[in-house]
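Asker: The following block contains the structure, expressed as structure tokens.
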Amino acid sequence: MDDALRALLDAGLAGTGPIVVMTGAGISAESGIPTFRGEEGYWTVGSEHYHPMEMATQEAYRRMPEEVWRWYLYRRSVCRKAQPNPAHLALVRLERALGDRFLLVTQNVDGLHLRAGNTEARTYQIHGNIDYLRCGDEPSSLRPVPLAIGEDWEAGSPFTEEARALLSCCDGGRFARPHVLWFDECYDEALFRFESSLRAASAAALLIVIGTSGATNLPMQVGAIVAERGAPMIVINQDPSPFSRFAERSARGAFLQGSAGEHLPPMVEHLVQHA
Ligand code: NAD
């Protein structure tokens with residue numbers, strides 16, 4: 001690790017605010033979960049091929065709820081079979097070392113951060129969790145996808161009567177919906193920790209951004225706030241992104257191009273040793 005990177009990490013430790021880590025699909029790529037960029041993401045309904053940005057919408061759900069559920073149940077089975085990788089485990093170590101100074105803001109719905117051992121209290125799942133469903137926007141209806149649904153949904157599995165019943169709301173007829181934020185929906189505090197994430201960005205002593213392309217709104221706001229404040233920012237990503245540009249323009253920023261598994265563990269080691 002070079003001196004400039006070490007200095008940014010030390011500046012984060014010397015500050016008073018939280019050390020905020022913001023993750024995207026890239027951190028889970030090494031666990032075998034496809035990001036939204038690759039060909040693997042496409043889904044076929046009849047003769048149409050849908051991009052995830054079309055499937056993950058309220059509009060698609062209204063038009064074809066069973067197809068959208070089939071897609072989520074398939075993606076959920078991919079997530080359930082995946083295991084946390086060294087980058088996820090490094091963040092568990094970091095939380096244990098920093099305690100209340102640690103905050104994780106994740107766009108991932110795969111639940112791998114929590115399965116690895118990060119705590120719910122310090123993990124904001126700002127796009128939800130694919131293991132949960134809810135009835136409309138009612139936070140009190142949030143509950144795990146029933147165990148009886150099983151975790152083995154192949155891409156071609158048909159939607160069964162049993163699944164239809166298990167995924168219904170308690171009031172009968174209505175379908176529950178996956179607990180995820182769709183591309184045509186807005187963030188809020190109760191379900192997605194919107195204001196809390198912005199507050200964390202305003203106070204962050206250091207922001208570490210990992211594996212996100214910058215295509216979503218709240219993460220971009222978090223990055224912009226930290227960049228505007230000139231607070232230390234480190235970006236790990238395989239490709240350049242709006243976040244890498246924030247970091248490169250800042251006097252206290254660094255862009256580490258490459259994988260999360262390669263760059264994150266040594267940084268965490270340094271932070272843990274000096275916390
Ligand atoms: P994205 O697919 O738009 O971008 C992923 C980024 O990660 C890319 O910039 C890519 O270069 C980078 N990347 C790929 N492999 C990497 C690695 N090994 N190490 C570091 N970087 C790597 O994903 P996004 O920015 O998170 O946003 C898109 C939306 O996709 C979000 O709403 C998110 O909820 C959803 N999503 C989630 C998952 C998941 O939960 N695992 C998977 C796919 C998509």
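Labels for the structure tokens follow display order: chains A, B, ..., residues from 1 in each chain, ligands from 1.
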Can you list, as a list of chain:residue names, every protein, DNA or RNA residue that comes within 12 Å of A:Arg122 when you count only C-alpha atoms, leaving out same-chain residues fewer than 5 positions away?
Answerer: A:Pro18, A:Ile19, A:Val20, A:Val21, A:Met22, A:Leu91, A:Val92, A:Leu94, A:Glu95, A:Arg96, A:Leu98, A:Gly99, A:Asp100, A:Arg101, A:Phe102, A:Leu103, A:Leu104, A:Val105, A:Thr106, A:His113, A:Leu114, A:Gly117, A:Arg193, A:Ser196, A:Ser197, A:Ala200
Asker: I want to know what sits within 12 Å of A:Arg6, based on only C-alpha atoms, with residues of the same chain fewer than 3 positions away left out; could you give that as a PyMOL selection string?
Answerer: chain A and resi 1-3+9-13+232+234+252-254+266-271+273-274
Asker: I'd like the neighbourhood of A:Glu54 as a list of chain:residue names, where a residue qualifies if any of its atoms comes within 12 Å (using only C-alpha atoms), though same-chain residues fewer than 6 positions away should be ignored.
Answerer: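 Close residues of A:Glu54: A:Phe36, A:Gly41, A:Tyr42, A:Trp43, A:Thr44, A:Val45, A:Glu48, A:Ala60, A:Tyr61, A:Arg63, A:Met64, A:Glu67, A:Val68, A:Trp71, A:Trp182, A:Phe183, A:Asp184.
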Asker: Could you tell me which of A:Leu207, A:Ala97, A:Met233, A:Ala25 comes closest to ligand 1 if we count only C-alpha atoms and all ligand atoms?
Answerer: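 Looking at the shortest contact to ligand 1, the residue is A:Ala25.
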Asker: Between atom CA of A:Gly136 and atom CA of A:Ala56, what is the distance in Å, rounded to a tenth?
Answerer: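 Between atom CA of A:Gly136 and atom CA of A:Ala56 the gap is 15.4 Å.
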Asker: Would you mind listing what lies within 6 Å of A:His179 as a PyMOL selection string, with only C-alpha atoms counted and same-chain residues fewer than 6 positions away left out?
Answerer: chain A and resi 128-129+132-134
Asker: For A:Leu198, find every residue with an atom within 12 Å (counting only C-alpha atoms), except residues of its own chain fewer than 2 positions away, and show them as a ChimeraX atom specification.
Answerer: /A:20,105,124,126,187-189,192-196,200-204,217-226
Asker: Quick one: DSSP helix (DSSP H, G or I) residues in stretch 71-122 of chain A, as a PyMOL selection string?
Answerer: chain A and resi 71-81+86-101+112-116
Asker: Point out the residue among A:Ala227, A:Ile236, A:Ala205, A:Cys186 with the least atom-to-atom distance to ligand 1, counting only C-alpha atoms and all ligand atoms.
Answerer: A:Ile236
Asker: What does the distance between atom CA of A:Pro84 and atom CA of A:Asn108 come to in Å, to one decimal place?
Answerer: 12.5 Å
Asker: Taking 3 positions as the minimum chain separation for residues in the same chain, which residues sit within 9 Å of stretch 237-239 of chain A when counting only C-alpha atoms? Answer as a list in words.
Answerer: Gly26, Ile27, Val209, Ile210, Gly211, Thr212, Ser213, Ser244, Phe255, Leu256, Gln257, Gly258, Ser259 and Ala260 of chain A
